[in-house]
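Raw final_17.tsv, TSV, C-alpha atoms and all ligand atoms:
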chain	number	residue	atom	x	y	z
A	220	MET	CA	0.35	22.05	48.26
A	221	ALA	CA	1.38	25.39	46.74
A	222	SER	CA	5.02	25.77	45.80
A	223	PHE	CA	7.18	28.73	44.83
A	224	PRO	CA	6.00	29.54	41.30
A	225	TYR	CA	9.42	30.15	39.69
A	226	LYS	CA	12.47	27.96	39.09
A	227	LYS	CA	15.41	30.32	38.59
A	228	VAL	CA	15.64	33.57	40.54
A	229	LEU	CA	17.96	36.52	40.02
A	230	LEU	CA	18.11	38.05	43.48
A	231	ILE	CA	19.49	41.59	43.58
A	232	GLY	CA	20.58	42.45	47.12
A	233	ALA	CA	21.28	38.92	48.33
A	234	THR	CA	24.39	39.28	50.47
A	235	SER	CA	22.71	40.05	53.80
A	236	GLY	CA	19.42	40.38	55.64
A	237	ILE	CA	16.22	39.63	53.79
A	238	GLY	CA	17.93	38.87	50.46
A	239	LEU	CA	20.42	36.39	51.91
A	240	GLU	CA	17.74	34.60	53.93
A	241	LEU	CA	15.43	34.51	50.90
A	242	ALA	CA	18.27	33.03	48.83
A	243	GLU	CA	18.89	30.36	51.48
A	244	GLN	CA	15.23	29.39	51.85
A	245	LEU	CA	14.61	29.30	48.09
A	246	VAL	CA	17.63	27.07	47.45
A	247	LEU	CA	16.27	24.67	50.08
A	248	LYS	CA	13.02	24.59	48.09
A	249	GLY	CA	14.88	23.57	44.93
A	250	VAL	CA	14.93	27.01	43.30
A	251	TYR	CA	18.19	27.97	41.55
A	252	VAL	CA	19.36	31.32	42.95
A	253	ILE	CA	21.68	33.82	41.30
A	254	SER	CA	22.78	36.22	44.02
A	255	VAL	CA	23.83	39.81	43.42
A	256	GLY	CA	25.45	42.32	45.75
A	257	ARG	CA	28.68	44.24	46.11
A	258	ARG	CA	30.34	41.96	48.68
A	259	GLN	CA	32.16	39.24	46.74
A	260	ASN	CA	33.14	37.29	49.88
A	261	ARG	CA	29.48	36.84	50.82
A	262	LEU	CA	28.59	35.70	47.31
A	263	ASP	CA	31.48	33.22	47.42
A	264	SER	CA	30.27	31.79	50.76
A	265	PHE	CA	26.75	31.34	49.40
A	266	ILE	CA	27.95	29.54	46.27
A	267	SER	CA	30.39	27.31	48.13
A	268	ALA	CA	27.68	26.39	50.67
A	269	HIS	CA	25.29	25.21	47.94
A	270	GLY	CA	27.40	24.40	44.88
A	271	SER	CA	27.16	25.69	41.33
A	272	SER	CA	24.31	23.33	40.49
A	273	LYS	CA	22.06	25.33	42.84
A	274	ALA	CA	23.62	28.79	43.11
A	275	ALA	CA	25.56	31.45	41.24
A	276	GLY	CA	26.62	35.01	41.98
A	277	PHE	CA	27.55	38.31	40.39
A	278	ALA	CA	29.31	41.10	42.26
A	279	PHE	CA	27.73	44.30	41.01
A	280	ASP	CA	27.09	47.79	42.37
A	281	ILE	CA	23.63	48.76	41.10
A	282	ALA	CA	24.41	52.43	41.78
A	283	GLU	CA	26.50	52.24	38.60
A	284	ILE	CA	23.40	52.88	36.55
A	285	ASP	CA	25.26	53.15	33.21
A	286	LYS	CA	26.55	49.59	33.61
A	287	ILE	CA	23.11	48.04	34.17
A	288	PRO	CA	22.44	47.17	30.48
A	289	SER	CA	25.75	45.29	30.12
A	290	PHE	CA	25.21	43.62	33.50
A	291	ALA	CA	21.81	42.39	32.29
A	292	GLU	CA	23.29	41.17	29.01
A	293	THR	CA	25.98	39.14	30.83
A	294	VAL	CA	23.47	37.62	33.26
A	295	ILE	CA	21.01	36.69	30.49
A	296	LYS	CA	23.77	35.12	28.38
A	297	GLN	CA	24.79	32.85	31.26
A	298	HIS	CA	21.26	32.19	32.55
A	299	PRO	CA	18.73	32.40	29.70
A	300	ASP	CA	16.16	30.54	31.83
A	301	ILE	CA	15.68	33.10	34.63
A	302	ASP	CA	11.94	33.36	35.33
A	303	CYS	CA	11.93	35.63	38.40
A	304	ILE	CA	13.87	38.76	39.31
A	305	VAL	CA	13.74	39.96	42.92
A	306	LEU	CA	14.69	43.62	43.20
A	307	ASN	CA	15.48	43.75	46.89
A	308	ALA	CA	18.64	45.87	47.27
A	309	GLY	CA	18.20	48.98	49.37
A	310	VAL	CA	19.92	51.41	51.69
A	311	GLN	CA	18.54	53.68	54.38
A	312	TYR	CA	20.07	56.92	55.64
A	313	VAL	CA	18.97	58.92	58.67
A	314	MET	CA	18.92	62.69	58.06
A	315	ASP	CA	17.66	65.81	59.85
A	316	PHE	CA	16.67	68.77	57.70
A	317	SER	CA	16.20	70.92	60.80
A	318	LYS	CA	20.02	70.77	60.99
A	319	PRO	CA	20.76	71.24	57.30
A	320	HIS	CA	24.53	71.33	57.81
A	321	THR	CA	24.30	67.64	58.74
A	322	VAL	CA	22.51	66.68	55.50
A	323	ASP	CA	24.75	65.39	52.74
A	324	ILE	CA	23.06	65.87	49.35
A	325	ALA	CA	25.35	63.20	47.84
A	326	LYS	CA	23.66	60.73	50.19
A	327	ILE	CA	20.24	61.82	48.95
A	328	GLN	CA	21.32	61.09	45.39
A	329	ASN	CA	22.90	57.77	46.36
A	330	GLU	CA	19.80	56.62	48.26
A	331	ILE	CA	17.49	57.57	45.38
A	332	SER	CA	19.87	55.93	42.88
A	333	ILE	CA	19.95	52.61	44.71
A	334	ASN	CA	16.37	52.44	46.01
A	335	TYR	CA	14.64	53.82	42.94
A	336	VAL	CA	16.64	54.68	39.78
A	337	ALA	CA	18.67	51.45	39.76
A	338	ILE	CA	15.56	49.36	40.38
A	339	VAL	CA	13.77	51.09	37.50
A	340	ALA	CA	16.84	50.71	35.24
A	341	LEU	CA	17.13	47.01	36.10
A	342	THR	CA	13.45	46.54	35.29
A	343	HIS	CA	13.97	48.34	31.98
A	344	ALA	CA	17.01	46.22	31.13
A	345	PHE	CA	15.21	42.91	31.73
A	346	VAL	CA	11.76	43.66	30.25
A	347	PRO	CA	12.69	42.70	26.64
A	348	PHE	CA	14.12	39.40	27.90
A	349	PHE	CA	10.97	38.70	29.92
A	350	GLN	CA	8.71	39.69	27.02
A	351	ALA	CA	10.54	37.25	24.75
A	352	ASN	CA	10.37	34.44	27.32
A	353	SER	CA	6.91	34.71	28.81
A	354	MET	CA	4.74	33.53	25.93
A	355	ASP	CA	4.39	30.03	27.36
A	356	LYS	CA	5.35	30.53	31.00
A	357	GLU	CA	4.81	33.09	33.72
A	358	VAL	CA	7.68	35.29	34.83
A	359	ALA	CA	7.85	37.85	37.63
A	360	PHE	CA	9.48	40.96	38.94
A	361	ILE	CA	9.29	41.03	42.75
A	362	TYR	CA	9.97	44.42	44.38
A	363	THR	CA	10.78	45.09	48.03
A	364	THR	CA	9.05	48.10	49.54
A	365	THR	CA	8.11	49.06	53.09
A	366	SER	CA	5.21	50.32	55.18
A	367	LEU	CA	7.13	53.64	55.18
A	368	MET	CA	6.03	54.13	51.55
A	369	SER	CA	2.52	54.73	52.97
A	370	VAL	CA	3.39	56.29	56.33
A	371	PRO	CA	6.70	58.12	55.94
A	372	TYR	CA	9.00	58.25	58.95
A	373	PRO	CA	10.60	61.61	59.83
A	374	MET	CA	14.05	60.16	60.60
A	375	VAL	CA	14.32	58.75	57.09
A	376	PRO	CA	12.58	61.28	54.82
A	377	ASN	CA	14.46	60.51	51.62
A	378	TYR	CA	14.23	56.74	52.17
A	379	SER	CA	10.45	57.05	52.66
A	380	SER	CA	10.22	59.11	49.47
A	381	SER	CA	12.32	56.64	47.47
A	382	LYS	CA	10.03	53.76	48.43
A	383	ALA	CA	6.86	55.80	47.81
A	384	ALA	CA	8.22	56.47	44.32
A	385	LEU	CA	8.91	52.76	43.83
A	386	HIS	CA	5.38	51.87	44.92
A	387	ALA	CA	3.87	54.29	42.37
A	388	PHE	CA	6.15	52.83	39.69
A	389	ILE	CA	5.02	49.30	40.60
A	390	LEU	CA	1.31	50.19	40.27
A	391	CYS	CA	1.92	51.79	36.86
A	392	ILE	CA	4.04	49.07	35.26
A	393	ARG	CA	1.77	46.33	36.61
A	394	GLU	CA	-1.07	47.97	34.69
A	395	GLN	CA	1.09	48.46	31.57
A	396	PHE	CA	2.01	44.76	31.50
A	397	LYS	CA	-1.63	43.78	32.04
A	398	GLN	CA	-2.49	45.75	28.91
A	399	LYS	CA	-0.19	43.39	26.97
A	400	PRO	CA	-1.64	39.97	27.82
A	401	GLU	CA	0.49	38.24	25.14
A	402	SER	CA	3.30	38.14	27.70
A	403	LYS	CA	2.73	37.03	31.28
A	404	ILE	CA	4.88	39.32	33.38
A	405	ASN	CA	3.71	39.34	36.99
A	406	VAL	CA	4.56	42.36	39.13
A	407	VAL	CA	4.69	41.50	42.82
A	408	GLU	CA	5.28	43.87	45.72
A	409	LEU	CA	6.72	42.64	49.00
A	410	VAL	CA	5.81	45.15	51.71
A	411	VAL	CA	8.22	44.80	54.60
A	412	PRO	CA	7.76	45.72	58.29
A	413	LEU	CA	10.70	46.31	60.64
A	414	VAL	CA	12.94	43.24	60.27
A	415	GLN	CA	16.22	42.33	61.99
A	416	THR	CA	18.85	42.88	59.28
A	417	GLU	CA	21.92	45.04	58.63
A	418	LEU	CA	19.84	47.90	57.17
A	419	HIS	CA	20.00	50.03	60.31
A	420	ASP	CA	23.63	49.27	61.22
A	421	GLY	CA	25.37	52.47	62.28
A	422	GLN	CA	22.14	54.42	62.81
A	423	PRO	CA	21.78	56.33	66.10
A	424	GLY	CA	20.70	54.04	68.95
A	425	TRP	CA	21.07	50.79	67.01
A	426	SER	CA	23.61	48.24	68.23
A	427	GLN	CA	24.21	44.51	68.45
A	428	ASP	CA	21.99	44.55	71.55
A	429	PHE	CA	19.27	46.67	69.95
A	430	ASN	CA	17.92	45.49	66.60
A	431	PRO	CA	14.16	45.26	67.06
A	432	GLY	CA	11.73	43.96	64.50
A	433	MET	CA	10.68	40.61	63.15
A	434	PRO	CA	13.31	37.85	63.04
A	435	VAL	CA	14.47	37.61	59.43
A	436	LYS	CA	13.87	33.85	59.15
A	437	GLN	CA	10.24	34.23	60.20
A	438	PHE	CA	9.76	37.20	57.90
A	439	VAL	CA	11.17	35.34	54.89
A	440	SER	CA	9.19	32.15	55.45
A	441	GLU	CA	5.98	34.19	55.70
A	442	SER	CA	6.99	36.07	52.52
A	443	ILE	CA	7.59	32.85	50.59
A	444	ALA	CA	4.21	31.54	51.76
A	445	GLY	CA	2.76	34.79	50.37
A	446	PHE	CA	4.55	34.39	47.01
A	447	GLU	CA	3.15	30.87	46.78
A	448	THR	CA	-0.42	32.24	46.89
A	449	LYS	CA	0.46	34.31	43.79
A	450	GLU	CA	-1.06	37.47	45.29
A	451	GLU	CA	0.21	40.70	43.70
A	452	THR	CA	0.96	42.18	47.10
A	453	VAL	CA	2.61	40.28	49.91
A	454	ALA	CA	2.51	42.44	53.05
A	455	ILE	CA	3.79	40.97	56.28
A	456	GLY	CA	3.14	41.69	59.99
A	457	GLN	CA	2.73	45.35	60.87
A	458	ALA	CA	3.27	46.24	57.18
A	459	LYS	CA	0.09	44.34	56.35
A	460	GLN	CA	-1.89	46.41	58.85
A	461	VAL	CA	-0.53	49.62	57.33
A	462	PHE	CA	-1.07	48.36	53.78
A	463	ASP	CA	-4.65	47.33	54.50
A	464	GLU	CA	-5.42	50.68	56.12
A	465	PHE	CA	-3.79	53.00	53.57
A	466	GLU	CA	-3.32	51.14	50.27
A	467	LEU	CA	-6.20	48.67	49.78
A	468	GLU	CA	-8.69	51.39	48.98
A	469	LYS	CA	-6.21	53.06	46.64
A	470	GLY	CA	-5.73	49.72	44.89
A	471	ARG	CA	-9.51	49.44	44.43
A	472	ARG	CA	-9.87	53.01	43.14
A	473	VAL	CA	-6.96	53.50	40.76
A	474	GLY	CA	-8.46	51.30	38.02
A	475	PRO	CA	-11.78	53.23	37.78
A	476	VAL	CA	-9.93	56.57	38.08
A	477	TRP	CA	-7.57	55.58	35.25
A	478	GLU	CA	-10.62	54.66	33.14
A	479	ILE	CA	-12.21	58.10	33.73
A	480	ILE	CA	-8.96	59.87	32.84
A	481	LYS	CA	-8.58	57.78	29.68
A	482	LYS	CA	-12.17	58.48	28.67
A	483	ASN	CA	-11.78	62.21	29.22
A	484	MET	CA	-8.40	62.44	27.55
A	485	GLY	CA	-9.12	60.18	24.58
A	486	LYS	CA	-6.15	59.55	22.34
A	487	ALA	CA	-3.97	61.89	24.37
A	488	HIS	CA	-3.72	59.19	27.04
A	489	THR	CA	-3.47	56.07	24.91
A	490	PHE	CA	-0.23	54.44	23.87
A	491	GLY	CA	-0.02	53.33	20.25
A	501	LIG	N1	15.06	45.57	57.57
A	501	LIG	C1	13.98	46.33	57.62
A	501	LIG	O1	13.49	46.70	58.70
A	501	LIG	C2	13.30	46.74	56.33
A	501	LIG	C3	12.03	47.32	56.43
A	501	LIG	C4	11.39	47.70	55.25
A	501	LIG	C5	11.99	47.48	54.02
A	501	LIG	N2	13.23	46.92	53.97
A	501	LIG	C6	13.83	46.74	52.61
A	501	LIG	O2	14.29	45.42	52.47
A	501	LIG	C7	15.33	45.40	51.48
A	501	LIG	C8	16.48	44.55	52.02
A	501	LIG	O3	17.08	45.22	53.12
A	501	LIG	P1	17.59	44.46	54.43
A	501	LIG	O4	16.76	44.92	55.53
A	501	LIG	O5	17.74	43.02	54.18
A	501	LIG	O6	19.02	45.19	54.60
A	501	LIG	P2	20.51	44.69	54.44
A	501	LIG	O7	20.79	43.54	55.33
A	501	LIG	O8	21.34	45.92	54.62
A	501	LIG	O9	20.60	44.19	52.93
A	501	LIG	C9	20.66	45.08	51.85
A	501	LIG	C10	21.08	44.33	50.59
A	501	LIG	O10	21.10	45.27	49.51
A	501	LIG	C11	22.35	45.18	48.86
A	501	LIG	N3	22.75	46.44	48.29
A	501	LIG	C12	22.72	47.67	48.89
A	501	LIG	N4	23.26	48.58	48.07
A	501	LIG	C13	23.62	47.94	46.93
A	501	LIG	C14	24.25	48.34	45.73
A	501	LIG	N5	24.62	49.61	45.51
A	501	LIG	N6	24.47	47.41	44.77
A	501	LIG	C15	24.12	46.11	44.97
A	501	LIG	N7	23.51	45.68	46.09
A	501	LIG	C16	23.29	46.57	47.07
A	501	LIG	C17	23.32	44.73	49.94
A	501	LIG	O11	24.45	44.09	49.36
A	501	LIG	P3	25.95	44.67	49.36
A	501	LIG	O12	26.10	45.53	50.58
A	501	LIG	O13	26.81	43.44	49.37
A	501	LIG	O14	26.06	45.43	48.10
A	501	LIG	C18	22.46	43.73	50.71
A	501	LIG	O15	22.51	42.47	50.06
A	501	LIG	C19	15.70	46.86	51.22
A	501	LIG	O16	15.12	47.26	49.99
A	501	LIG	C20	15.06	47.60	52.38
A	501	LIG	O17	14.72	48.92	52.05
A	501	LIG	C21	13.89	46.53	55.08
Mind turning the file's structure into structure tokens?
Ligand SMILES: NC(=O)c1ccc[n+]([C@@H]2O[C@H](COP(=O)([O-])OP(=O)(O)OC[C@H]3O[C@@H](n4cnc5c(N)ncnc54)[C@H](OP(=O)(O)O)[C@@H]3O)[C@@H](O)[C@H]2O)c1
Amino acid sequence: MASFPYKKVLLIGATSGIGLELAEQLVLKGVYVISVGRRQNRLDSFISAHGSSKAAGFAFDIAEIDKIPSFAETVIKQHPDIDCIVLNAGVQYVMDFSKPHTVDIAKIQNEISINYVAIVALTHAFVPFFQANSMDKEVAFIYTTTSLMSVPYPMVPNYSSSKAALHAFILCIREQFKQKPESKINVVELVVPLVQTELHDGQPGWSQDFNPGMPVKQFVSESIAGFETKEETVAIGQAKQVFDEFELEKGRRVGPVWEIIKKNMGKAHTFG
């Protein structure tokens, strides 16, 4: 029977919703989970529920981009055997550009910082560690995106853009790592449909009585089953339908297109 391919997971965005449920289900499968989020009380509850032989936690605000390198250094020092990093943290803001006075540009920056820049900076901070540790074992970055990266939703324009950017980044770095087969860094994308979490708390129309979408437990167990197949893309529920319709063909075509560009551009498009 397939099992989760990694033994120690650093889970960024693990204090609620998908991240918390993923942490819980992975610990039950014998995976050591290091949880990260801003809410210390939630990290404490997770560690006290499972004990320090199975769980650890770091309170960290990933929007503090400048602190990411020292955060990574601290984590690596304490856990030099991490073999999987799940980059799951995210925020979503509703905004209406037809009423520009209601749009707060600081929120645009914050959303892009958390959903994209921080995720890229975390990747950057951990790549040397993974390169040094993946000669004899596989390691993985797992990224959380959404069907809205393919079909943007007008209520959340900047969120949709942030996840579209992340998807493009994922395709590019996956190819870059494949070009360096001496290290085995897998790049996995988890494409999420609407799921019952705290993401939409406070948005117009959402309440305790109205939080539609897939139950988070079901979503996470299907996701783990997907990770166990070792597919590069794990798309669940309605997100799978959207992915299959809009992204599969792109996935098939990017490789040949990249080859044509490389051929036409010669050395101009080759790294040393
Ligand atoms: N739920 C959905 O319908 C849905 C659909 C598609 C994609 N997604 C994606 O799924 C991922 C998880 O979201 P969720 O639905 O589980 O929402 P959630 O319950 O709100 O969880 C978000 C997680 O991200 C963490 N986080 C947010 N900002 C952070 C920051 N600055 N620094 C550190 N951690 C931060 C939160 O921790 P703290 O607040 O403790 O910092 C929390 O653990 C997100 O990337 C989201 O875009 C969700």
Practice problem: Show me which residues sit within 6 Å of ligand LIG 501 (chain A) when counting only C-alpha atoms and all ligand atoms, and put them as a VMD selection string. | Solution: chain A and resid 232 to 238 256 to 258 279 to 282 307 to 310 333 363 to 365 411 to 418
At a cut-off of 8 Å, using all atoms listed in the file, what residues contact Val406 of chain A? Leave out same-chain residues fewer than 2 positions from it and give the result as a compact mmCIF listing (two decimals) with C-alpha atoms, in the coordinates of the input.
# COMPACT_ATOMS: atom_id res chain seq x y z
CA ALA A 359 7.85 37.85 37.63
CA PHE A 360 9.48 40.96 38.94
CA ILE A 361 9.29 41.03 42.75
CA TYR A 362 9.97 44.42 44.38
CA ILE A 389 5.02 49.30 40.60
CA ILE A 392 4.04 49.07 35.26
CA ARG A 393 1.77 46.33 36.61
CA ILE A 404 4.88 39.32 33.38
CA GLU A 408 5.28 43.87 45.72
CA GLU A 451 0.21 40.70 43.70
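Pairwise distance (atom CA of Pro299 of chain A, atom CA of Val246 of chain A) equals 18.6 Å.
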Quiz item: Contacts of Glu447 of chain A at 8 Å or less, counting only C-alpha atoms, minus same-chain residues fewer than 6 places along, as a ChimeraX atom specification?
Solution: /A:221-224
Practice problem: Around the point (10.9, 53.1, 51.3) in the file's coordinates, collect all residues with an atom within 9 Å, using all atoms listed in the file, and return them as a list in words. | Solution: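 Using all atoms listed in the file, the matching residues come out as Gly309, Gln311, Asn334, Thr363, Thr364, Thr365, Ser366, Leu367, Met368, Ser369, Pro371, Val375, Asn377, Tyr378, Ser379, Ser380, Ser381, Lys382, Ala383, Ala384, Leu385 and His386 of chain A.
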Self-check item: Residue nearest Gly474 of chain A - candidates A:Cys391, A:Ile331, A:Val453, A:Ala487, atoms counted: only C-alpha atoms
Solution: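 Checking each of A:Cys391, A:Ile331, A:Val453, A:Ala487 against Gly474 of chain A, counting only C-alpha atoms, the winner is A:Cys391.
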Exercise. Compare A:Lys481, A:Lys226, A:Lys296, A:Lys449 by their minimum atom-to-atom distance to Val250 of chain A, counting only C-alpha atoms, and give me the closest one.
Key: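 Closest to Val250 of chain A, using only C-alpha atoms: A:Lys226.
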